[in-house]
Structure formats: C-alpha cells, structure tokens
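Trainee: This is my_file.txt (compact mmCIF, C-alpha atoms and all ligand atoms).
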# COMPACT_ATOMS: atom_id res chain seq x y z
CA MET A 667 151.57 101.36 130.89
CA GLU A 668 149.61 104.26 132.44
CA LEU A 669 146.00 103.51 131.68
CA ALA A 670 144.33 106.31 133.65
CA SER A 671 142.83 109.20 131.77
CA THR A 672 144.33 112.66 131.92
CA GLN A 673 142.72 115.99 131.29
CA GLU A 674 145.01 118.20 129.30
CA GLN A 675 144.76 121.18 127.04
CA SER A 676 143.75 119.78 123.66
CA GLU A 677 144.38 120.89 120.11
CA ASP A 678 141.00 119.73 118.87
CA GLY A 679 139.44 119.43 122.32
CA GLY A 680 137.43 116.25 121.72
CA ALA A 681 137.30 113.62 124.43
CA ARG A 682 138.34 110.21 123.13
CA ARG A 683 138.44 106.60 124.10
CA VAL A 684 141.36 104.41 123.09
CA LEU A 685 140.66 100.70 122.78
CA LEU A 686 143.91 98.79 123.11
CA ALA A 687 143.96 95.39 121.44
CA GLY A 688 145.71 92.67 123.41
CA PRO A 689 147.90 90.88 122.49
CA ARG A 690 149.78 93.50 120.49
CA SER A 691 153.40 94.46 119.86
CA PHE A 692 156.45 92.21 120.44
CA CYS A 693 156.13 88.43 120.09
CA ALA A 694 158.51 85.86 121.56
CA GLY A 695 160.45 85.44 118.30
CA VAL A 696 161.07 89.18 117.97
CA GLU A 697 162.12 89.55 121.60
CA ARG A 698 164.55 86.69 121.15
CA ALA A 699 166.00 88.07 117.92
CA ILE A 700 166.56 91.52 119.43
CA GLU A 701 168.09 90.02 122.55
CA ILE A 702 170.47 88.00 120.40
CA VAL A 703 171.85 91.17 118.82
CA GLU A 704 172.02 92.93 122.20
CA LYS A 705 173.90 90.02 123.77
CA ALA A 706 176.27 89.73 120.82
CA LEU A 707 177.07 93.45 121.20
CA GLU A 708 177.51 93.04 124.93
CA HIS A 709 179.84 90.04 124.68
CA GLN A 710 181.80 90.84 121.56
CA GLY A 711 181.52 94.58 121.30
CA ALA A 712 180.67 96.53 118.16
CA PRO A 713 180.48 96.01 115.31
CA VAL A 714 178.13 93.04 115.13
CA TYR A 715 176.94 92.35 111.60
CA VAL A 716 173.29 91.49 110.98
CA ARG A 717 172.11 90.10 107.64
CA LYS A 718 168.94 92.00 106.67
CA GLN A 719 166.80 93.83 109.21
CA ILE A 720 166.75 91.73 112.38
CA VAL A 721 162.98 92.32 112.44
CA HIS A 722 160.94 94.50 110.12
CA ASN A 723 160.77 97.60 112.27
CA ALA A 724 162.58 100.85 111.52
CA HIS A 725 162.75 101.90 115.17
CA VAL A 726 164.27 98.59 116.33
CA VAL A 727 166.83 98.66 113.52
CA ASP A 728 167.82 102.31 114.16
CA ASP A 729 168.17 101.67 117.87
CA LEU A 730 170.45 98.64 117.38
CA ALA A 731 172.43 100.45 114.68
CA ASN A 732 173.07 103.28 117.15
CA ARG A 733 174.43 100.69 119.57
CA GLY A 734 176.89 99.22 117.06
CA ALA A 735 174.96 96.72 114.94
CA VAL A 736 175.80 96.92 111.25
CA PHE A 737 172.92 95.85 109.01
CA VAL A 738 173.93 94.41 105.64
CA GLU A 739 171.91 93.05 102.74
CA GLU A 740 174.22 90.15 101.88
CA LEU A 741 177.17 88.30 103.39
CA ASP A 742 179.69 89.75 100.94
CA GLU A 743 179.42 92.97 102.97
CA VAL A 744 180.65 91.15 106.10
CA PRO A 745 184.44 91.03 106.65
CA ASP A 746 186.13 87.60 106.80
CA GLY A 747 186.05 86.03 110.25
CA ALA A 748 183.44 88.44 111.63
CA THR A 749 180.27 87.51 113.51
CA VAL A 750 176.99 87.71 111.65
CA VAL A 751 173.47 87.39 113.02
CA PHE A 752 170.72 85.97 110.79
CA SER A 753 167.38 87.77 111.06
CA ALA A 754 164.17 86.43 112.62
CA HIS A 755 162.77 85.65 109.16
CA GLY A 756 165.32 82.91 108.46
CA VAL A 757 167.76 82.16 105.64
CA SER A 758 168.06 79.54 102.93
CA PRO A 759 170.61 76.72 103.23
CA ALA A 760 172.65 78.46 100.50
CA VAL A 761 173.20 81.45 102.80
CA ARG A 762 174.28 79.15 105.64
CA GLU A 763 176.75 77.38 103.33
CA ASP A 764 178.11 80.71 102.14
CA ALA A 765 178.67 81.83 105.76
CA ASP A 766 180.36 78.53 106.52
CA GLN A 767 182.70 78.77 103.56
CA ARG A 768 183.57 82.34 104.47
CA GLY A 769 184.48 81.24 108.01
CA LEU A 770 181.94 83.63 109.51
CA GLU A 771 180.74 83.06 113.03
CA VAL A 772 176.98 82.73 112.77
CA ILE A 773 174.45 83.49 115.47
CA ASP A 774 171.05 82.43 114.25
CA GLY A 775 168.19 84.82 115.07
CA THR A 776 165.67 82.79 113.05
CA CYS A 777 162.41 82.44 114.99
CA PRO A 778 161.97 78.79 116.04
CA LEU A 779 158.52 78.86 114.43
CA VAL A 780 160.11 79.72 111.08
CA THR A 781 162.73 77.01 111.61
CA ARG A 782 159.84 74.57 112.14
CA VAL A 783 158.46 75.44 108.68
CA HIS A 784 161.90 74.87 107.15
CA ALA A 785 162.02 71.42 108.74
CA LYS A 786 158.58 70.60 107.34
CA ALA A 787 159.70 71.73 103.89
CA ARG A 788 162.66 69.34 104.00
CA ARG A 789 160.47 66.48 105.21
CA LEU A 790 157.77 66.96 102.56
CA ALA A 791 160.30 67.35 99.76
CA ALA A 792 162.17 64.23 100.89
CA ARG A 793 159.01 62.12 100.54
CA GLY A 794 158.59 63.35 96.98
CA ASP A 795 155.81 65.93 97.36
CA THR A 796 155.47 69.07 95.37
CA ILE A 797 154.97 71.77 98.01
CA VAL A 798 152.74 74.75 97.39
CA LEU A 799 154.05 77.58 99.55
CA ILE A 800 151.43 80.23 100.29
CA GLY A 801 153.26 83.49 100.93
CA HIS A 802 154.33 86.87 99.63
CA ALA A 803 156.85 86.94 96.77
CA GLY A 804 160.05 88.71 97.72
CA HIS A 805 159.53 88.41 101.49
CA GLU A 806 162.68 87.19 103.24
CA GLU A 807 160.89 84.38 105.03
CA VAL A 808 159.58 83.07 101.70
CA GLU A 809 163.04 83.25 100.14
CA GLY A 810 164.50 81.29 103.06
CA THR A 811 161.78 78.62 103.08
CA MET A 812 161.84 78.19 99.28
CA GLY A 813 165.59 77.71 99.51
CA GLU A 814 165.10 74.50 101.50
CA ALA A 815 163.75 72.65 98.45
CA PRO A 816 163.65 74.98 95.44
CA GLU A 817 163.02 72.17 92.95
CA SER A 818 160.05 70.86 94.91
CA MET A 819 158.33 74.13 95.73
CA VAL A 820 156.03 76.57 93.99
CA LEU A 821 154.91 79.87 95.46
CA VAL A 822 151.35 81.14 95.30
CA ASP A 823 150.73 84.68 96.44
CA LYS A 824 147.42 85.52 94.78
CA PRO A 825 144.28 83.42 94.22
CA GLY A 826 144.72 83.21 90.41
CA ASP A 827 148.05 81.44 90.96
CA ILE A 828 146.27 78.29 92.14
CA ASP A 829 144.18 77.97 89.02
CA ALA A 830 147.30 78.18 86.89
CA LEU A 831 149.20 75.50 88.81
CA ASP A 832 150.33 72.60 86.65
CA LEU A 833 152.10 70.15 88.94
CA PRO A 834 153.90 66.93 87.95
CA ASP A 835 151.88 64.57 90.19
CA PRO A 836 148.56 66.01 91.45
CA GLU A 837 148.36 63.16 93.94
CA LYS A 838 151.56 64.16 95.69
CA VAL A 839 150.94 67.77 96.62
CA SER A 840 151.21 69.38 100.04
CA TYR A 841 151.30 72.95 101.29
CA LEU A 842 153.11 75.26 103.66
CA THR A 843 152.46 78.87 104.56
CA GLN A 844 154.41 81.94 105.58
CA THR A 845 154.00 82.56 109.33
CA THR A 846 152.65 86.11 109.11
CA LEU A 847 149.73 85.88 106.68
CA SER A 848 146.08 86.84 107.04
CA VAL A 849 144.34 83.88 108.71
CA ASP A 850 141.13 84.47 106.71
CA GLU A 851 142.79 84.86 103.32
CA THR A 852 144.97 81.81 103.89
CA ALA A 853 141.89 79.69 104.63
CA VAL A 854 140.51 80.72 101.23
CA PHE A 855 143.76 79.73 99.51
CA ILE A 856 143.73 76.35 101.23
CA ASP A 857 140.09 75.73 100.25
CA GLU A 858 140.94 76.49 96.64
CA LEU A 859 143.95 74.21 96.77
CA LYS A 860 141.81 71.39 98.12
CA GLN A 861 139.35 71.86 95.29
CA LYS A 862 142.07 71.74 92.68
CA PHE A 863 143.98 68.89 94.31
CA PRO A 864 141.44 66.69 96.13
CA LEU A 865 144.22 64.40 97.32
CA LEU A 866 146.15 67.28 98.84
CA GLN A 867 148.41 65.94 101.57
CA GLU A 868 146.96 68.00 104.31
CA SER A 869 149.25 69.62 106.82
CA ALA A 870 147.73 69.52 110.30
CA ALA A 871 147.19 73.25 109.96
CA ASP A 872 148.59 76.27 108.20
CA ASP A 873 151.88 77.62 109.55
CA ILE A 874 150.61 81.03 110.64
CA CYS A 875 152.15 81.57 114.06
CA TYR A 876 150.37 82.11 117.37
CA ALA A 877 151.43 85.78 117.50
CA THR A 878 150.06 86.63 114.07
CA THR A 879 146.80 84.81 114.84
CA ASN A 880 146.37 86.42 118.25
CA ARG A 881 147.00 89.96 116.97
CA GLN A 882 144.43 89.49 114.20
CA ASN A 883 141.82 88.04 116.58
CA ALA A 884 142.44 90.76 119.16
CA LEU A 885 142.05 93.52 116.59
CA ARG A 886 138.85 91.97 115.26
CA GLU A 887 137.39 92.29 118.78
CA ILE A 888 137.76 96.09 118.83
CA THR A 889 137.39 97.07 115.18
CA ALA A 890 133.60 97.36 115.05
CA GLU A 891 133.61 99.66 118.07
CA SER A 892 136.35 101.90 116.66
CA ASP A 893 135.91 104.91 114.37
CA LEU A 894 139.56 104.68 113.42
CA VAL A 895 142.22 101.98 113.81
CA LEU A 896 145.90 102.79 114.18
CA VAL A 897 148.44 99.99 113.73
CA VAL A 898 151.97 100.69 114.91
CA GLY A 899 154.44 98.99 112.59
CA SER A 900 156.70 99.48 109.58
CA THR A 901 155.59 99.22 105.96
CA ASN A 902 157.70 96.11 105.26
CA SER A 903 156.23 94.24 108.22
CA SER A 904 153.90 91.62 106.77
CA ASN A 905 152.01 90.90 109.99
CA SER A 906 151.50 94.64 110.65
CA VAL A 907 150.18 95.31 107.15
CA ARG A 908 147.77 92.39 107.55
CA LEU A 909 146.31 94.10 110.63
CA VAL A 910 145.57 97.28 108.67
CA GLU A 911 143.91 95.22 105.93
CA LEU A 912 141.80 93.34 108.47
CA ALA A 913 140.41 96.54 110.00
CA ARG A 914 139.68 98.03 106.59
CA LYS A 915 137.92 94.84 105.47
CA GLU A 916 135.72 95.12 108.56
CA GLY A 917 134.82 98.62 107.38
CA THR A 918 136.88 100.78 109.74
CA PRO A 919 139.39 103.31 108.39
CA ALA A 920 142.87 102.13 109.39
CA TYR A 921 146.42 103.39 109.04
CA LEU A 922 149.88 101.96 109.56
CA ILE A 923 152.16 104.31 111.49
CA ASP A 924 155.81 103.94 112.37
CA ARG A 925 155.34 106.33 115.26
CA ALA A 926 153.00 108.93 116.77
CA ALA A 927 154.37 111.71 114.57
CA ASP A 928 152.88 109.95 111.53
CA ILE A 929 149.30 110.56 112.72
CA LYS A 930 147.60 113.08 110.43
CA PRO A 931 145.28 115.39 112.39
CA GLU A 932 142.50 115.00 109.83
CA TRP A 933 142.33 111.24 110.54
CA LEU A 934 140.97 112.16 113.96
CA ASP A 935 138.16 114.44 112.72
CA GLY A 936 134.91 113.23 114.26
CA VAL A 937 136.66 110.23 115.82
CA THR A 938 135.69 109.43 119.39
CA THR A 939 136.99 105.86 119.63
CA VAL A 940 140.46 104.94 118.39
CA GLY A 941 141.36 101.26 118.13
CA LEU A 942 145.08 100.81 118.73
CA THR A 943 147.34 97.84 118.12
CA ALA A 944 150.89 97.06 117.01
CA GLY A 945 152.53 94.43 114.84
CA ALA A 946 154.76 91.76 116.34
CA SER A 947 157.93 93.71 115.52
CA ALA A 948 156.78 97.10 116.91
CA PRO A 949 158.08 98.09 120.37
CA PRO A 950 155.52 98.60 123.16
CA ALA A 951 156.98 102.06 123.89
CA LEU A 952 155.73 103.28 120.52
CA VAL A 953 152.17 102.32 121.49
CA GLU A 954 152.53 104.39 124.66
CA GLU A 955 153.87 107.24 122.56
CA VAL A 956 150.70 107.14 120.45
CA VAL A 957 148.47 107.27 123.53
CA GLU A 958 150.44 110.26 124.84
CA ALA A 959 150.16 112.01 121.47
CA LEU A 960 146.39 111.53 121.52
CA ARG A 961 146.27 112.97 125.05
CA LEU A 962 147.80 116.18 123.73
CA ARG A 963 144.66 116.56 121.59
CA GLY A 964 142.08 116.08 124.30
CA PRO A 965 141.04 114.00 127.27
CA VAL A 966 141.65 110.30 126.70
CA THR A 967 140.42 107.21 128.48
CA VAL A 968 142.19 103.95 127.72
CA GLU A 969 140.51 100.54 127.79
CA GLU A 970 142.44 97.38 127.14
CA ARG A 971 140.68 94.39 125.58
CA GLU A 972 142.91 91.37 126.09
CA ILE A 973 141.57 88.23 124.41
CA THR A 974 144.40 86.00 125.61
CA ARG A 975 147.68 86.27 127.48
CA GLU A 976 150.77 85.10 125.62
CA THR A 977 153.28 83.10 127.63
CA THR A 978 155.47 81.73 124.84
CA GLN A 979 159.20 82.27 125.27
CA PHE A 980 162.07 80.87 123.24
CA GLU A 981 165.53 79.85 124.38
CA LEU A 982 168.47 81.87 123.19
CA PRO A 983 171.03 80.06 120.98
CA SER A 984 173.37 77.96 123.13
CA ALA A 985 176.34 80.32 122.67
CA LEU A 986 174.38 83.11 124.36
CA ARG A 987 172.37 81.04 126.80
CA GLY A 988 172.16 81.44 130.55
CA ARG A 989 172.58 85.18 130.51
CA GLY A 990 169.19 86.40 129.40
CA ARG A 991 165.52 86.72 130.10
CA HIS A 992 164.55 83.85 127.82
CA GLU A 993 165.97 80.78 129.42
CA THR A 994 163.05 78.42 129.04
CA GLU A 995 161.15 77.35 126.00
CA ALA A 996 157.42 77.07 126.35
CA SER A 997 155.26 75.59 123.69
CA ALA A 998 153.79 77.87 121.07
O1 LIG A 1001 157.48 92.48 111.13
P1 LIG A 1001 158.28 91.27 111.29
O2 LIG A 1001 159.74 91.43 111.50
O3 LIG A 1001 158.13 90.26 110.08
P2 LIG A 1001 156.99 90.02 108.98
O4 LIG A 1001 155.66 90.26 109.60
O5 LIG A 1001 157.28 90.94 107.83
O6 LIG A 1001 157.18 88.58 108.58
O7 LIG A 1001 157.67 90.49 112.53
C1 LIG A 1001 158.30 89.36 113.06
C2 LIG A 1001 157.95 88.18 112.31
C3 LIG A 1001 158.70 87.18 111.92
C4 LIG A 1001 159.38 86.16 111.46
FE1 LIG A 1002 158.10 84.05 115.27
FE2 LIG A 1002 155.54 84.60 114.73
FE3 LIG A 1002 157.02 86.38 115.95
FE4 LIG A 1002 157.49 85.81 113.39
S1 LIG A 1002 155.66 86.78 114.24
S2 LIG A 1002 159.03 86.08 114.98
S3 LIG A 1002 157.04 83.60 113.36
S4 LIG A 1002 156.48 84.35 116.78
Is it possible to express this structure as structure tokens?
Mentor:
Amino acid sequence: MELASTQEQSEDGGARRVLLAGPRSFCAGVERAIEIVEKALEHQGAPVYVRKQIVHNAHVVDDLANRGAVFVEELDEVPDGATVVFSAHGVSPAVREDADQRGLEVIDGTCPLVTRVHAKARRLAARGDTIVLIGHAGHEEVEGTMGEAPESMVLVDKPGDIDALDLPDPEKVSYLTQTTLSVDETAVFIDELKQKFPLLQESAADDICYATTNRQNALREITAESDLVLVVGSTNSSNSVRLVELARKEGTPAYLIDRAADIKPEWLDGVTTVGLTAGASAPPALVEEVVEALRLRGPVTVEEREITRETTQFELPSALRGRGRHETEASA
C-alpha cells in the first residue's frame, strides 16, 4: 500500500492524518474460504454453489458471484449431484447429513478455528455437561455450533440471560464462545457465569479467535488519538461491528462502511486524525480505497500502527490442496 502523503486539490481542504490499525482486514480463515471458492470455480467451472455468504462481506460475495459462484440460503436450492461449499462460519451436523443424503459434493470452507469449537462442543456434551454458549442469536456460527449438541446447549447473548439460567446440574456446566465476540464483553459474561456456577468447568480460555482479538487490540491502540474511526466491513459481520462498538465505547465517533462511497462528508468536519481499520472479512483493497477517497478531500499522511504481525495460515481441504498459497498450517 502507498503510504506516502500526496498533495491534491481538496474538497474541504483540511490536512489529515490517517492512523492505520494493524492487523486489520483479511484473516487466515477468510483467505482460505475465499480461495476455496476460487479454486472450485477454477477446477470445476461455474456454477459453484455456496451455502450462505462465504464470509460476511458484500464486496467479496458480489465479486465471487460475478465469477460464477451461486450463493444459496439452504441446500434445497442446490441441484442434485452439484458441488456445494460451506461458509467460513460452519454448519450443524444436520446440514452435513442433508448434503450427504442429497449426494452433494461438499467442500468445507469452515474456518479451522470454528471447527475446533465444534469439536469442543461434542467433547463437553459427551461427558455430560450442560454447555453455555456465549454468542449472538441468529448468527450462522452459533446455529452451527448449537447443532453439535442441541440438547446439551443453552445460548446466552445478553447479560440478563445468565441470571435466568436454570440448569439441570449446576455442578456440570461448561462454556463455549462464538469466535468473533468482543473480548471485553465476553470476559464480563464469563465472570458472571463463574459467580452463578462456582463449579463451572472452566475452558482454558474463551474461543475468540486470534484475528478478532488482534483487530480489537490494534484498534484500541489508535482510538484515543483519533477524532473519528472508520471500520471497513459489512453490517452482518460480527467482528466488524464489534470494532465500531469498541471505538465508540472508548469515546470516539465510529462508523461501519462497506466502501469509501459510504463516508458522509459531515463525519469529517473538524476531523484531523482518522483511525482506520477493517474487519476480518473486508478486503485490503477497500482500505486503500478509503485512503484514496480521503486524499481527494485534502492532503493526507498515513501512519501504520502494527501491534503484531499475523503469520497464521490454514491448509486448503485435501481435494484442493497443493495448488494454492496456503499449503502449510501454522498454529493460531
Ligand atoms: O465477517 P465474517 O465473515 O464473520 P463474523 O464476524 O460475522 O463471524 O468474518 C470471518 C469470521 C468468521 C468465521
Ligand atoms: Fe477464522 Fe477468526 Fe477469521 Fe473467523 S475471524 S474466519 S474464526 S480466523
């Protein structure tokens, strides 16, 4: 990315500084999921069916749709014998069984870090625990994880839910979390759970993934210095929405934008420092587009504040392996 400042004719004329949070934008699970659809298109040709949005980003979905991916809500929209890709957020065992019975060829785009939570759910349920899942009702990841052990799991998505919990054996309770939650809010939930169930079978940690955690920590580093925070991401992207909330909680006005064209000129009134980040499903090119759009309004200097460098990569599914960028799996 071009980080040098440019002097251009501005609309509002004010010189600005852009503070870029790092890490931002694509995580390893999103890169893998997108590459899975690209490779399926390359090897099998269009159409390739994808159940739900492969990741929660309108730009990514539109781009893949233009290249021949067909996004469906449920498997009954997929013709018999066709190939279907499962999204990064994962599916319940019932969806897998349905695909199997229909004779569909499945390529699984589920992020390995979501798959890990599913495995934990099965393990905890098998030992007889009631599992409290901390997550957002209606989110696809929550639906998939709950589906692993629906009889053994209860969802809490707001603090009052914990108080109301009435579980069969308070001594056999454990918890799991969605991967893309607010780190701070989740810690409060877990504290409350521990108060209500002192014998809570503690997981080693919550299940919030490295990418979610890093993007929140990186944004926290620049928020106090920023007059305005812009988060590139789509409205249904949990991890992106959490970034906007974090900045606002720290007292800085913040907006979620799908792309540069969504910036309202009045947001920039009196703003000299713009904090800029992007959710894990938002393409890096859209961040560059935002910087360029700001340059059209006045001279801009860009400073990147990188708190850590991410090196995580995930293997592609075996059917697609050996032909892509992600041929080694590093630890998360
Ligand atoms: O935006 P995403 O597609 O998903 P959520 O943040 O809504 O969970 O980002 C990728 C995350 C995963 C799984
Ligand atoms: Fe995987 Fe985390 Fe990225 Fe979701 S945000 S795809 S869990 S690495």
Trainee: Residues of chain A within 7 Å of ligand LIG 1002 (chain A): nearest atom pair and distance (Å, one decimal) for each, counting only C-alpha atoms and all ligand atoms, sorted by chain and number, as JSON lines?
Mentor:
{"residue": "A:Cys693", "atom": "CA", "partner": "A:LIG1002", "partner_atom": "FE3", "distance": 4.7}
{"residue": "A:Ala694", "atom": "CA", "partner": "A:LIG1002", "partner_atom": "S4", "distance": 5.4}
{"residue": "A:Gly695", "atom": "CA", "partner": "A:LIG1002", "partner_atom": "S2", "distance": 3.7}
{"residue": "A:Val696", "atom": "CA", "partner": "A:LIG1002", "partner_atom": "S2", "distance": 4.8}
{"residue": "A:Ala754", "atom": "CA", "partner": "A:LIG1002", "partner_atom": "S2", "distance": 5.7}
{"residue": "A:His755", "atom": "CA", "partner": "A:LIG1002", "partner_atom": "FE4", "distance": 6.8}
{"residue": "A:Cys777", "atom": "CA", "partner": "A:LIG1002", "partner_atom": "FE1", "distance": 4.6}
{"residue": "A:Pro778", "atom": "CA", "partner": "A:LIG1002", "partner_atom": "FE1", "distance": 6.6}
{"residue": "A:Leu779", "atom": "CA", "partner": "A:LIG1002", "partner_atom": "S3", "distance": 5.1}
{"residue": "A:Val780", "atom": "CA", "partner": "A:LIG1002", "partner_atom": "S3", "distance": 5.4}
{"residue": "A:Thr845", "atom": "CA", "partner": "A:LIG1002", "partner_atom": "S3", "distance": 5.2}
{"residue": "A:Thr846", "atom": "CA", "partner": "A:LIG1002", "partner_atom": "S1", "distance": 6.0}
{"residue": "A:Cys875", "atom": "CA", "partner": "A:LIG1002", "partner_atom": "FE2", "distance": 4.6}
{"residue": "A:Tyr876", "atom": "CA", "partner": "A:LIG1002", "partner_atom": "FE2", "distance": 6.3}
{"residue": "A:Ala877", "atom": "CA", "partner": "A:LIG1002", "partner_atom": "FE2", "distance": 5.1}
{"residue": "A:Thr878", "atom": "CA", "partner": "A:LIG1002", "partner_atom": "S1", "distance": 5.6}
{"residue": "A:Asn905", "atom": "CA", "partner": "A:LIG1002", "partner_atom": "S1", "distance": 7.0}
{"residue": "A:Ala946", "atom": "CA", "partner": "A:LIG1002", "partner_atom": "S1", "distance": 5.5}
Trainee: Which polymer residues have any atom within 9 Å of an atom of Pro983 in chain A, counting all atoms listed in the file, with same-chain residues fewer than 2 positions away left out, as a list in words?
Mentor: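 Near Pro983 in chain A, the qualifying residues are Ile702, Ile773, Asp774, Gly775, Glu981, Ala985, Leu986 and Arg987 of chain A.
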Trainee: Have a look at A:Glu969, A:Asp827, A:Asp746, A:Asp924 and name the one nearest to ligand LIG 1001 (chain A); count all atoms listed in the file.
Mentor: A:Asp924
Trainee: Taking all atoms of ligand LIG 1001 (chain A) that appear in the file, build a box with edges along x, y and z, extend it by 6 Å on every side, and state its centre and edge lengths in Å to one decimal, as JSON.
Mentor:
{"center_x": 157.7, "center_y": 89.3, "center_z": 110.4, "size_x": 16.1, "size_y": 18.3, "size_z": 17.2}
Trainee: Determine the nearest neighbour of ligand LIG 1001 (chain A) from the options A:Thr889, A:Gln861, A:Gln719, A:Ser818, counting only C-alpha atoms and all ligand atoms.
Mentor: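 So, comparing all the options, the nearest one is A:Gln719.
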Trainee: To one decimal place in Å, what is the distance between CA of Gln882 in chain A and CA of Ala920 in chain A?
Mentor: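 Taking CA of Gln882 in chain A as the start and CA of Ala920 in chain A as the end point, the length is 13.6 Å.
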Trainee: Work out how far CA of Glu887 in chain A is from atom C4 of ligand LIG 1001 (chain A), in Å to one decimal.
Mentor: 24.0 Å
Trainee: Hey, which of A:Ala951, A:Val898, A:Ile720, A:Leu686 ends up closest to Glu701 in chain A? Count only C-alpha atoms.
Mentor: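 With only C-alpha atoms as the atom set, the closest residue is A:Ile720.
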Trainee: Could you name the residues that touch Tyr841 in chain A at 10 Å or less, counting all atoms listed in the file, but leaving out those on the same chain fewer than 2 positions away, as number ranges by chain?
Mentor: A: 786-787, 790, 795-800, 819-821, 839, 843, 856, 859, 866-869, 871-873
Trainee: Excluding Ala803 in chain A and any residue of its chain fewer than 5 positions from it, enumerate the residues within 8 Å of it, using only C-alpha atoms, and give them as a PyMOL selection string.
Mentor: chain A and resi 808-809+821+823
Trainee: A:Gly945, A:Pro950, A:Gly936, A:Gly899: which is nearest Arg881 in chain A, counting only C-alpha atoms?
Mentor: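 For Arg881 in chain A, the nearest of the given residues is A:Gly945.
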Trainee: For each of A:Ser903, A:Thr967, A:Thr977, A:Asn880, take the minimum atom-to-atom distance to ligand LIG 1001 (chain A), counting all atoms listed in the file, then give the residue where this is smallest.
Mentor: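 Among A:Ser903, A:Thr967, A:Thr977, A:Asn880, it is A:Ser903 that comes nearest to ligand LIG 1001 (chain A).
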Trainee: Please tell me which residues are no farther than 12 Å from (151.1, 70.1, 86.9) in the file, counting only C-alpha atoms, and write them as a count of residues only.
Mentor: 18
Trainee: Of the candidates A:Thr939, A:Ser758, A:Ser984, A:Gln767, which shows the shortest atom-to-atom distance to Asp742 in chain A, using only C-alpha atoms?
Mentor: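 For Asp742 in chain A, the nearest of the given residues is A:Gln767.
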Trainee: Any idea what's packed within 7 Å of range 848-852 of chain A, counting all atoms listed in the file, ignoring anything in its chain fewer than 3 positions away? Could you give it as a ChimeraX atom specification?
Mentor: /A:855-856,879,908
Trainee: Hey, can you check how far CA of His784 in chain A sits from CA of Val727 in chain A?
Mentor: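 We find that CA of His784 in chain A and CA of Val727 in chain A lie 25.1 Å from each other.
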Trainee: Quick one: residues within 12 Å of Ala760 in chain A, only C-alpha atoms, excluding same-chain residues fewer than 5 positions away - as a ChimeraX atom specification?
Mentor: /A:740-741,765-767,809-816
Trainee: Starting from the incomplete input, reconstruct N, CA, C and O atoms of range 876-888 of chain A and report them as a CSV table (one decimal), in the coordinates of the input.
Mentor:
chain,number,residue,atom,x,y,z
A,876,TYR,N,151.3,81.7,116.3
A,876,TYR,CA,150.4,82.1,117.4
A,876,TYR,C,150.3,83.6,117.5
A,876,TYR,O,149.2,84.2,117.7
A,877,ALA,N,151.4,84.3,117.3
A,877,ALA,CA,151.4,85.8,117.5
A,877,ALA,C,150.6,86.5,116.4
A,877,ALA,O,149.9,87.4,116.7
A,878,THR,N,150.8,86.1,115.2
A,878,THR,CA,150.1,86.6,114.1
A,878,THR,C,148.6,86.4,114.3
A,878,THR,O,147.8,87.3,114.2
A,879,THR,N,148.2,85.2,114.6
A,879,THR,CA,146.8,84.8,114.8
A,879,THR,C,146.2,85.6,116.0
A,879,THR,O,145.1,86.2,115.9
A,880,ASN,N,146.9,85.7,117.1
A,880,ASN,CA,146.4,86.4,118.2
A,880,ASN,C,146.2,87.9,118.0
A,880,ASN,O,145.2,88.5,118.4
A,881,ARG,N,147.1,88.5,117.2
A,881,ARG,CA,147.0,90.0,117.0
A,881,ARG,C,145.8,90.2,116.0
A,881,ARG,O,145.1,91.2,116.2
A,882,GLN,N,145.6,89.3,115.1
A,882,GLN,CA,144.4,89.5,114.2
A,882,GLN,C,143.1,89.3,115.0
A,882,GLN,O,142.2,90.1,114.9
A,883,ASN,N,143.0,88.3,115.8
A,883,ASN,CA,141.8,88.0,116.6
A,883,ASN,C,141.5,89.2,117.6
A,883,ASN,O,140.4,89.6,117.8
A,884,ALA,N,142.6,89.7,118.2
A,884,ALA,CA,142.4,90.8,119.2
A,884,ALA,C,141.9,92.0,118.5
A,884,ALA,O,141.1,92.7,119.0
A,885,LEU,N,142.5,92.3,117.3
A,885,LEU,CA,142.0,93.5,116.6
A,885,LEU,C,140.6,93.4,116.1
A,885,LEU,O,139.8,94.3,116.2
A,886,ARG,N,140.2,92.2,115.7
A,886,ARG,CA,138.8,92.0,115.3
A,886,ARG,C,137.9,92.3,116.4
A,886,ARG,O,136.8,92.8,116.1
A,887,GLU,N,138.3,92.0,117.6
A,887,GLU,CA,137.4,92.3,118.8
A,887,GLU,C,137.1,93.8,119.0
A,887,GLU,O,136.1,94.1,119.6
A,888,ILE,N,138.0,94.7,118.5
A,888,ILE,CA,137.8,96.1,118.8
A,888,ILE,C,137.4,96.9,117.6
A,888,ILE,O,137.0,98.1,117.7
